[in-house]
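Q: Pasting entry_29.txt below, which is compact mmCIF, C-alpha atoms (C1' of nucleotides).
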# COMPACT_ATOMS: atom_id res chain seq x y z
CA MET A 1 36.33 -5.42 -1.96
CA SER A 2 35.89 -2.56 0.53
CA SER A 3 33.35 -2.78 3.33
CA LYS A 4 31.41 -0.01 1.69
CA GLU A 5 31.20 -1.99 -1.52
CA LEU A 6 30.11 -5.13 0.31
CA ILE A 7 27.33 -3.13 1.96
CA TYR A 8 26.17 -1.75 -1.38
CA GLN A 9 26.08 -5.21 -2.85
CA ALA A 10 24.14 -6.74 0.04
CA ALA A 11 21.78 -3.76 0.03
CA ALA A 12 21.09 -4.10 -3.69
CA LYS A 13 20.19 -7.72 -3.18
CA LEU A 14 17.83 -6.97 -0.30
CA PHE A 15 16.29 -3.88 -1.89
CA LYS A 16 15.62 -5.95 -4.99
CA GLU A 17 13.97 -8.79 -3.11
CA LYS A 18 11.99 -6.91 -0.48
CA GLY A 19 11.91 -3.35 -1.75
CA TYR A 20 13.74 -0.37 -0.26
CA ALA A 21 11.11 0.66 2.28
CA ALA A 22 10.58 -2.89 3.53
CA THR A 23 14.29 -3.53 4.09
CA SER A 24 15.61 -2.66 7.53
CA MET A 25 19.15 -1.67 8.43
CA ARG A 26 19.16 -4.60 10.86
CA GLU A 27 18.50 -7.05 8.06
CA LEU A 28 21.16 -5.42 5.96
CA ALA A 29 23.64 -5.64 8.83
CA LEU A 30 22.78 -9.29 9.35
CA GLN A 31 23.46 -9.96 5.69
CA VAL A 32 26.81 -8.17 5.90
CA GLY A 33 27.69 -9.94 9.14
CA ILE A 34 27.95 -6.97 11.52
CA GLU A 35 25.65 -5.07 13.86
CA ALA A 36 23.33 -2.41 12.47
CA SER A 37 25.17 0.39 14.20
CA SER A 38 28.44 -0.67 12.61
CA LEU A 39 27.04 0.03 9.17
CA TYR A 40 27.22 3.71 9.93
CA ASN A 41 31.00 3.60 10.03
CA HIS A 42 30.88 3.00 6.30
CA ILE A 43 27.78 4.75 5.09
CA LYS A 44 25.99 7.90 6.12
CA SER A 45 22.41 6.70 5.89
CA LYS A 46 20.07 4.19 4.27
CA GLU A 47 19.10 6.81 1.76
CA GLU A 48 22.73 7.28 0.74
CA ILE A 49 22.93 3.64 -0.29
CA LEU A 50 19.92 4.01 -2.56
CA GLN A 51 21.35 7.17 -4.07
CA GLU A 52 24.63 5.50 -4.84
CA ILE A 53 22.97 2.50 -6.48
CA CYS A 54 20.64 4.63 -8.57
CA LEU A 55 23.17 7.18 -9.70
CA ARG A 56 25.78 4.56 -10.49
CA ASN A 57 23.39 2.75 -12.81
CA ALA A 58 22.17 5.97 -14.34
CA GLY A 59 25.80 6.65 -15.16
CA LYS A 60 26.16 3.32 -16.93
CA PHE A 61 23.18 4.03 -19.16
CA THR A 62 24.19 7.61 -19.84
CA ASP A 63 27.75 6.65 -20.75
CA GLY A 64 26.58 3.83 -22.98
CA MET A 65 24.12 6.06 -24.76
CA LYS A 66 26.80 8.68 -25.36
CA ILE A 67 28.98 6.15 -27.16
CA ILE A 68 26.06 5.01 -29.32
CA GLN A 69 25.15 8.56 -30.23
CA GLU A 70 28.71 9.45 -31.14
CA ASN A 71 29.03 6.54 -33.54
CA SER A 72 27.83 8.25 -36.69
CA ASN A 73 28.22 5.10 -38.76
CA LEU A 74 25.07 3.62 -37.27
CA ASN A 75 21.62 4.11 -38.73
CA ALA A 76 18.55 4.21 -36.49
CA LEU A 77 17.98 0.46 -36.61
CA GLN A 78 21.56 -0.24 -35.64
CA LYS A 79 21.38 2.29 -32.87
CA LEU A 80 18.28 0.60 -31.45
CA GLU A 81 20.09 -2.69 -31.59
CA SER A 82 23.03 -1.14 -29.75
CA ILE A 83 20.65 0.11 -27.07
CA ILE A 84 19.28 -3.39 -26.63
CA ARG A 85 22.82 -4.69 -26.29
CA LEU A 86 23.61 -1.95 -23.75
CA HIS A 87 20.64 -2.89 -21.56
CA VAL A 88 21.42 -6.58 -21.75
CA GLN A 89 25.03 -5.91 -20.83
CA ILE A 90 24.23 -3.70 -17.85
CA ALA A 91 21.66 -6.20 -16.58
CA SER A 92 24.05 -9.12 -16.89
CA ASP A 93 26.76 -7.08 -15.19
CA ASP A 94 24.80 -6.64 -11.94
CA ILE A 95 21.20 -7.78 -11.85
CA SER A 96 20.35 -6.69 -8.31
CA SER A 97 21.70 -3.23 -8.71
CA VAL A 98 19.91 -2.48 -11.96
CA THR A 99 16.65 -3.83 -10.56
CA VAL A 100 16.87 -1.40 -7.67
CA PHE A 101 17.64 1.36 -10.16
CA ASN A 102 14.51 0.42 -12.11
CA ASP A 103 12.06 -0.17 -9.30
CA GLU A 104 13.13 1.75 -6.19
CA TRP A 105 14.16 5.17 -7.45
CA LYS A 106 10.89 6.67 -6.27
CA HIS A 107 12.14 6.42 -2.70
CA LEU A 108 14.93 8.89 -3.40
CA LYS A 109 14.58 12.19 -1.54
CA GLU A 110 15.18 15.59 -2.97
CA PRO A 111 17.44 16.81 -4.42
CA ALA A 112 18.64 13.36 -5.51
CA LEU A 113 15.21 12.52 -6.90
CA SER A 114 15.19 15.51 -9.25
CA ASP A 115 18.74 14.80 -10.36
CA PHE A 116 17.79 11.23 -11.09
CA LEU A 117 14.66 12.12 -13.02
CA LYS A 118 16.59 14.64 -15.07
CA LEU A 119 18.98 11.90 -16.21
CA ARG A 120 16.10 9.57 -16.93
CA ILE A 121 14.22 12.07 -19.05
CA GLN A 122 17.42 12.87 -20.89
CA TYR A 123 17.95 9.20 -21.65
CA GLU A 124 14.39 8.75 -22.85
CA GLN A 125 14.80 11.81 -25.02
CA SER A 126 17.87 10.26 -26.65
CA VAL A 127 15.97 7.08 -27.51
CA LYS A 128 13.07 9.16 -28.76
CA SER A 129 15.36 11.06 -31.13
CA ILE A 130 16.65 7.81 -32.56
CA ILE A 131 13.12 6.52 -33.14
CA GLN A 132 12.19 9.84 -34.70
CA GLU A 133 15.20 9.69 -36.98
CA GLY A 134 14.25 6.14 -37.95
CA ILE A 135 10.77 7.23 -38.93
CA GLU A 136 12.04 10.19 -40.94
CA LYS A 137 14.54 8.07 -42.84
CA GLU A 138 11.74 5.53 -43.42
CA LEU A 139 13.51 2.75 -41.58
CA LEU A 140 10.71 2.58 -39.02
CA LYS A 141 6.94 2.62 -39.33
CA LYS A 142 4.99 5.77 -38.59
CA VAL A 143 3.91 4.63 -35.13
CA ASP A 144 3.09 6.87 -32.19
CA ILE A 145 6.56 7.78 -30.97
CA GLU A 146 5.66 7.83 -27.29
CA VAL A 147 4.07 4.40 -27.45
CA ALA A 148 7.07 3.04 -29.32
CA LEU A 149 9.47 4.64 -26.85
CA PHE A 150 7.73 3.24 -23.80
CA SER A 151 7.09 -0.23 -25.12
CA PHE A 152 10.71 -0.49 -26.24
CA LEU A 153 12.21 0.74 -22.98
CA THR A 154 9.87 -1.14 -20.69
CA SER A 155 10.57 -4.40 -22.46
CA LEU A 156 14.23 -3.78 -21.85
CA ARG A 157 13.64 -2.73 -18.27
CA TRP A 158 12.61 -6.26 -17.37
CA ILE A 159 15.36 -8.17 -19.04
CA HIS A 160 16.97 -8.94 -15.72
CA TYR A 161 14.13 -11.27 -14.82
CA LYS A 162 15.31 -13.48 -17.62
CA PHE A 163 18.87 -13.34 -16.45
CA ALA A 164 17.95 -14.24 -12.93
CA LYS A 165 17.11 -17.65 -14.26
CA GLY A 166 20.30 -17.84 -16.35
CA ARG A 167 18.49 -19.60 -19.14
CA ILE A 168 20.02 -17.83 -22.09
CA SER A 169 23.27 -16.13 -23.10
CA SER A 170 23.63 -12.38 -23.54
CA ASP A 171 24.18 -12.76 -27.25
CA ARG A 172 21.14 -14.93 -27.82
CA LEU A 173 19.01 -12.65 -25.69
CA THR A 174 20.14 -9.58 -27.60
CA GLU A 175 19.48 -11.30 -30.90
CA ASN A 176 15.99 -12.41 -29.85
CA LEU A 177 15.06 -9.02 -28.47
CA LYS A 178 16.24 -7.32 -31.66
CA ASN A 179 14.10 -9.67 -33.67
CA ILE A 180 11.04 -9.22 -31.48
CA LEU A 181 11.18 -5.54 -30.61
CA ILE A 182 12.38 -4.21 -33.94
CA PHE A 183 11.06 -6.69 -36.47
CA GLY A 184 8.02 -7.94 -34.57
CA LEU A 185 6.58 -11.25 -33.54
CA ALA A 186 4.63 -11.82 -36.71
CA LYS A 187 6.14 -13.79 -39.55
CA SER A 188 6.46 -11.54 -42.58
CA MET B 1 -19.76 3.99 -2.72
CA SER B 2 -19.23 2.11 0.54
CA SER B 3 -16.61 3.23 3.06
CA LYS B 4 -14.70 0.06 2.37
CA GLU B 5 -14.60 0.86 -1.32
CA LEU B 6 -13.47 4.41 -0.65
CA ILE B 7 -10.65 3.06 1.48
CA TYR B 8 -9.56 0.65 -1.25
CA GLN B 9 -9.53 3.43 -3.77
CA ALA B 10 -7.54 5.80 -1.61
CA ALA B 11 -5.16 2.98 -0.71
CA ALA B 12 -4.58 2.06 -4.34
CA LYS B 13 -3.67 5.65 -5.09
CA LEU B 14 -1.24 5.88 -2.19
CA PHE B 15 0.27 2.42 -2.72
CA LYS B 16 0.84 3.34 -6.34
CA GLU B 17 2.52 6.64 -5.56
CA LYS B 18 4.59 5.73 -2.51
CA GLY B 19 4.65 1.95 -2.54
CA TYR B 20 2.87 -0.34 -0.09
CA ALA B 21 5.58 -0.48 2.57
CA ALA B 22 6.13 3.27 2.55
CA THR B 23 2.44 4.09 2.98
CA SER B 24 1.22 4.39 6.57
CA MET B 25 -2.27 3.75 7.83
CA ARG B 26 -2.24 7.29 9.22
CA GLU B 27 -1.63 8.69 5.73
CA LEU B 28 -4.37 6.51 4.33
CA ALA B 29 -6.76 7.67 7.04
CA LEU B 30 -5.89 11.29 6.28
CA GLN B 31 -6.69 10.72 2.62
CA VAL B 32 -10.02 9.11 3.50
CA GLY B 33 -10.82 11.87 5.97
CA ILE B 34 -11.03 9.86 9.19
CA GLU B 35 -8.65 8.83 11.99
CA ALA B 36 -6.37 5.83 11.53
CA SER B 37 -8.16 3.78 14.13
CA SER B 38 -11.46 4.27 12.36
CA LEU B 39 -10.14 2.46 9.32
CA TYR B 40 -10.29 -0.75 11.28
CA ASN B 41 -14.06 -0.60 11.44
CA HIS B 42 -14.04 -1.26 7.71
CA ILE B 43 -10.97 -3.33 7.06
CA LYS B 44 -9.14 -5.97 9.04
CA SER B 45 -5.57 -4.95 8.33
CA LYS B 46 -3.28 -3.14 5.92
CA GLU B 47 -2.38 -6.45 4.35
CA GLU B 48 -6.03 -7.21 3.66
CA ILE B 49 -6.28 -4.10 1.50
CA LEU B 50 -3.35 -5.21 -0.62
CA GLN B 51 -4.80 -8.69 -0.95
CA GLU B 52 -8.12 -7.35 -2.13
CA ILE B 53 -6.51 -5.07 -4.72
CA CYS B 54 -4.23 -7.79 -6.06
CA LEU B 55 -6.79 -10.56 -6.20
CA ARG B 56 -9.42 -8.33 -7.74
CA ASN B 57 -7.12 -7.41 -10.59
CA ALA B 58 -5.90 -10.95 -11.01
CA GLY B 59 -9.57 -11.85 -11.46
CA LYS B 60 -10.01 -9.28 -14.21
CA PHE B 61 -7.10 -10.72 -16.16
CA THR B 62 -8.10 -14.32 -15.58
CA ASP B 63 -11.68 -13.69 -16.64
CA GLY B 64 -10.59 -11.77 -19.73
CA MET B 65 -8.19 -14.50 -20.73
CA LYS B 66 -10.88 -17.14 -20.36
CA ILE B 67 -13.12 -15.34 -22.83
CA ILE B 68 -10.27 -15.00 -25.32
CA GLN B 69 -9.37 -18.67 -25.01
CA GLU B 70 -12.95 -19.78 -25.48
CA ASN B 71 -13.33 -17.84 -28.69
CA SER B 72 -12.22 -20.50 -31.13
CA ASN B 73 -12.70 -18.23 -34.11
CA LEU B 74 -9.51 -16.34 -33.31
CA ASN B 75 -6.10 -17.32 -34.61
CA ALA B 76 -2.96 -16.68 -32.56
CA LEU B 77 -2.43 -13.18 -33.95
CA GLN B 78 -5.98 -12.19 -33.17
CA LYS B 79 -5.69 -13.66 -29.69
CA LEU B 80 -2.57 -11.60 -29.02
CA GLU B 81 -4.41 -8.53 -30.21
CA SER B 82 -7.27 -9.37 -27.86
CA ILE B 83 -4.81 -9.67 -24.99
CA ILE B 84 -3.46 -6.23 -25.79
CA ARG B 85 -6.99 -4.86 -25.76
CA LEU B 86 -7.68 -6.60 -22.45
CA HIS B 87 -4.66 -5.01 -20.80
CA VAL B 88 -5.46 -1.58 -22.18
CA GLN B 89 -9.03 -1.89 -20.99
CA ILE B 90 -8.12 -2.98 -17.46
CA ALA B 91 -5.54 -0.23 -17.18
CA SER B 92 -7.96 2.43 -18.37
CA ASP B 93 -10.61 1.10 -16.01
CA ASP B 94 -8.55 1.74 -12.87
CA ILE B 95 -4.95 2.83 -13.27
CA SER B 96 -3.98 2.98 -9.59
CA SER B 97 -5.33 -0.42 -8.77
CA VAL B 98 -3.63 -2.20 -11.66
CA THR B 99 -0.34 -0.49 -10.86
CA VAL B 100 -0.47 -1.82 -7.34
CA PHE B 101 -1.30 -5.24 -8.73
CA ASN B 102 1.76 -5.02 -10.98
CA ASP B 103 4.28 -3.54 -8.60
CA GLU B 104 3.32 -4.31 -5.00
CA TRP B 105 2.27 -7.96 -5.02
CA LYS B 106 5.58 -8.99 -3.51
CA HIS B 107 4.45 -7.56 -0.18
CA LEU B 108 1.66 -10.11 0.07
CA LYS B 109 2.08 -12.60 2.89
CA GLU B 110 1.46 -16.29 2.69
CA PRO B 111 -0.83 -17.92 1.79
CA ALA B 112 -2.08 -15.01 -0.33
CA LEU B 113 1.30 -14.70 -2.03
CA SER B 114 1.27 -18.29 -3.25
CA ASP B 115 -2.31 -17.99 -4.43
CA PHE B 116 -1.42 -14.86 -6.32
CA LEU B 117 1.67 -16.35 -7.94
CA LYS B 118 -0.30 -19.39 -8.98
CA LEU B 119 -2.75 -17.19 -10.89
CA ARG B 120 0.09 -15.23 -12.43
CA ILE B 121 1.93 -18.30 -13.66
CA GLN B 122 -1.32 -19.66 -15.02
CA TYR B 123 -1.90 -16.44 -16.94
CA GLU B 124 1.62 -16.43 -18.33
CA GLN B 125 1.17 -20.04 -19.35
CA SER B 126 -1.96 -19.10 -21.31
CA VAL B 127 -0.11 -16.41 -23.22
CA LYS B 128 2.76 -18.79 -23.80
CA SER B 129 0.43 -21.36 -25.32
CA ILE B 130 -0.93 -18.77 -27.70
CA ILE B 131 2.57 -17.77 -28.79
CA GLN B 132 3.47 -21.41 -29.19
CA GLU B 133 0.40 -22.03 -31.30
CA GLY B 134 1.29 -19.01 -33.43
CA ILE B 135 4.75 -20.37 -34.10
CA GLU B 136 3.45 -23.83 -34.95
CA LYS B 137 0.89 -22.45 -37.39
CA GLU B 138 3.65 -20.27 -38.87
CA LEU B 139 1.91 -17.03 -38.00
CA LEU B 140 4.77 -16.03 -35.72
CA LYS B 141 8.52 -16.16 -36.13
CA LYS B 142 10.52 -18.88 -34.45
CA VAL B 143 11.70 -16.70 -31.60
CA ASP B 144 12.61 -17.82 -28.09
CA ILE B 145 9.19 -18.25 -26.53
CA GLU B 146 10.21 -17.09 -23.08
CA VAL B 147 11.77 -13.92 -24.43
CA ALA B 148 8.71 -13.25 -26.55
CA LEU B 149 6.39 -13.92 -23.61
CA PHE B 150 8.21 -11.59 -21.26
CA SER B 151 8.80 -8.76 -23.67
CA PHE B 152 5.14 -8.87 -24.70
CA LEU B 153 3.75 -8.94 -21.18
CA THR B 154 6.15 -6.41 -19.72
CA SER B 155 5.39 -3.93 -22.45
CA LEU B 156 1.74 -4.28 -21.58
CA ARG B 157 2.45 -4.09 -17.87
CA TRP B 158 3.51 -0.48 -18.23
CA ILE B 159 0.71 0.79 -20.37
CA HIS B 160 -0.82 2.62 -17.45
CA TYR B 161 2.04 5.11 -17.44
CA LYS B 162 0.75 6.27 -20.77
CA PHE B 163 -2.77 6.53 -19.52
CA ALA B 164 -1.75 8.53 -16.54
CA LYS B 165 -0.94 11.31 -18.94
CA GLY B 166 -4.17 10.85 -20.85
CA ARG B 167 -2.48 11.55 -24.13
CA ILE B 168 -4.10 8.90 -26.27
CA SER B 169 -7.38 7.00 -26.57
CA SER B 170 -7.75 3.31 -25.73
CA ASP B 171 -8.39 2.44 -29.34
CA ARG B 172 -5.39 4.28 -30.69
CA LEU B 173 -3.20 2.82 -27.97
CA THR B 174 -4.37 -0.72 -28.72
CA GLU B 175 -3.83 -0.19 -32.44
CA ASN B 176 -0.32 1.18 -31.92
CA LEU B 177 0.67 -1.56 -29.53
CA LYS B 178 -0.59 -4.21 -31.91
CA ASN B 179 1.46 -2.68 -34.67
CA ILE B 180 4.60 -2.39 -32.56
CA LEU B 181 4.50 -5.57 -30.50
CA ILE B 182 3.21 -7.93 -33.15
CA PHE B 183 4.45 -6.43 -36.40
CA GLY B 184 7.54 -4.65 -35.13
CA LEU B 185 8.99 -1.19 -35.31
CA ALA B 186 10.83 -1.72 -38.56
CA LYS B 187 9.22 -0.79 -41.84
CA SER B 188 8.82 -3.91 -43.90
C1' DG C 1 35.91 -0.73 13.04
C1' DT C 2 33.00 -3.22 16.00
C1' DC C 3 30.31 -3.65 19.85
C1' DT C 4 26.25 -2.59 23.57
C1' DA C 5 23.08 0.60 24.91
C1' DT C 6 19.94 3.90 23.85
C1' DA C 7 17.69 8.07 21.88
C1' DT C 8 13.83 9.28 19.15
C1' DA C 9 10.34 8.66 15.91
C1' DA C 10 6.94 6.13 13.48
C1' DG C 11 4.56 2.10 12.46
C1' DG C 12 0.15 -1.25 12.85
C1' DA C 13 -3.39 -2.21 15.66
C1' DT C 14 -6.68 -2.26 19.89
C1' DA C 15 -9.71 -0.46 23.91
C1' DG C 16 -13.33 1.88 25.24
C1' DA C 17 -16.09 6.31 25.46
C1' DC C 18 -19.52 8.56 22.71
C1' DG D 1 -18.92 4.54 12.93
C1' DT D 2 -15.85 7.84 14.78
C1' DC D 3 -13.11 9.58 18.18
C1' DT D 4 -8.95 9.89 21.83
C1' DA D 5 -5.65 7.46 24.13
C1' DT D 6 -2.48 4.05 24.14
C1' DC D 7 -0.04 -0.52 23.57
C1' DC D 8 3.64 -2.73 21.54
C1' DT D 9 6.90 -3.30 17.98
C1' DT D 10 10.06 -1.78 14.81
C1' DA D 11 12.60 1.66 12.53
C1' DT D 12 16.89 4.84 11.66
C1' DA D 13 20.52 6.67 13.77
C1' DT D 14 23.87 8.17 17.55
C1' DA D 15 27.00 7.81 21.85
C1' DG D 16 30.67 6.05 23.80
C1' DA D 17 33.45 1.94 25.47
C1' DC D 18 36.82 -1.20 23.60
Can you present the structure in this file as structure tokens?
A:
Amino acid sequence: MSSKELIYQAAAKLFKEKGYAATSMRELALQVGIEASSLYNHIKSKEEILQEICLRNAGKFTDGMKIIQENSNLNALQKLESIIRLHVQIASDDISSVTVFNDEWKHLKEPALSDFLKLRIQYEQSVKSIIQEGIEKELLKKVDIEVALFSFLTSLRWIHYKFAKGRISSDRLTENLKNILIFGLAKS
Amino acid sequence: MSSKELIYQAAAKLFKEKGYAATSMRELALQVGIEASSLYNHIKSKEEILQEICLRNAGKFTDGMKIIQENSNLNALQKLESIIRLHVQIASDDISSVTVFNDEWKHLKEPALSDFLKLRIQYEQSVKSIIQEGIEKELLKKVDIEVALFSFLTSLRWIHYKFAKGRISSDRLTENLKNILIFGLAKS
DNA sequence: GTCTATATAAGGATAGAC
DNA sequence: GTCTATCCTTATATAGAC
């Protein structure tokens, strides 16, 4: 792995644990095993690291969503299940990185912040359309779409806390989340 | 309102928007309308502000949970609904403060951090017991309890983002969340 | 690519006059 | 209770030798 990649990885871990603002370049350097000044041979600034982590993860979600949307065989319920699987997969792929993406994006500076938020809103809009479609086709209840959207996405946003403990496989987690988020906790 | 209270309120707003670590005492002072040094006539340190905000909110949740637990008339489903109402109520009561409680607690120093985490684990344990009881009495599906616990609580943890936009009343939000989280998105 | 040394800015907090 | 002035520490980032 390149030095740059090693720095990103160590940074993701630290940003996750302490937060972006509370992580110093000295700590990061210590974690990487070099002096702080040496970091700058590989990266331009602290902010650049955050940008890279955030945009990389945004890309994963956007790409995954595109594939789901293009699969016209899926009905709304199946699409929601695919979204759950996508989130579980991305979280299991790199927990630290996706946590930073979820929690530290607000420290991005313009214009990166606006770019990021544009992608985020776009993604939310895609999920919203699927929920809307589900309601129209009578696969989903007539709930408030915004409440449904947020409760669905925020549940998924915290999946990685489960993974951190490694208690459960991706498949079982996906299955359980499908059951809970789509079909509810209550026994029917 | 006392100066101390005004400082807490301004701090909660700033900590919410920028994060604890990225908020300076000079900014806080500016928001309050005094010089940074004057803050210290009312509070002991920056950390003390965070402690107060976090412990105050922890108290609200703990107290609310106690009342729910002591109401033996409620079955597990009704208790879960009461928990939803509790979270909605606390969020609508003071959005900034509860956001800081949710997102910035990791910046607490010991021993406050351990005290805080103890309360949090205790609260999660209470919810877990209710879910467990629901499964035993066959009111809830046999889902993975940990997954159910986390997806339930994390959905509720982000309610305040809805409130920030003021789009929906507390009652309608509670009703929708009950429907979605307990009975699921899918039409039965 | 890494180091030491350092520039430059900002942070939390205190002292002491009013 | 508020101010100005300031202490001390830490931060990001650069310069230049090796």
Q: Output as CSV one row per residue of chain D within 9 Å of chain A: the closest atom pair and its distance in Å to one decimal place, counting all atoms listed in the file, sorted by chain and residue number ascending.
A:
residue,atom,partner,partner_atom,distance
D:DA11,C1',A:Ser24,CA,7.3
D:DT12,C1',A:Met25,CA,7.6
D:DA13,C1',A:Ser37,CA,7.8
D:DT14,C1',A:Ser37,CA,8.6
Q: In Å, how far is it from atom CA of A:Arg85 to atom CA of A:Thr174?
A: 5.7 Å
Q: Do you have, as CSV, the list of residues of chain A lying at most 6 Å from chain B, each with its nearest atom pair and that distance in Å to one decimal, counting all atoms listed in the file and ordered by chain then number?
A:
residue,atom,partner,partner_atom,distance
A:Ala21,CA,B:Ala22,CA,5.6
A:Ala22,CA,B:Ala21,CA,5.6
A:Leu139,CA,B:Lys187,CA,5.6
A:Leu140,CA,B:Ala186,CA,4.3
A:Lys141,CA,B:Lys187,CA,4.8
A:Ser151,CA,B:Ser155,CA,4.9
A:Thr154,CA,B:Ser155,CA,5.6
A:Ser155,CA,B:Ser151,CA,4.9
A:Leu181,CA,B:Gly184,CA,5.9
A:Ile182,CA,B:Leu185,CA,4.7
A:Phe183,CA,B:Gly184,CA,4.3
A:Gly184,CA,B:Gly184,CA,3.4
A:Leu185,CA,B:Ile182,CA,4.7
A:Ala186,CA,B:Leu140,CA,4.3
A:Lys187,CA,B:Leu140,CA,4.6
Q: Just need the residues of chain C within 9 Å of chain B, counting all atoms listed in the file, so spit them out as number ranges by chain.
A: C: 11-14
Q: If we count all atoms listed in the file and set the cut-off at 12 Å, which residues sit around D:DA17, ignoring sequence neighbours fewer than 2 positions away in its own chain? Please answer as a ChimeraX atom specification.
A: /C:2-5 /D:15
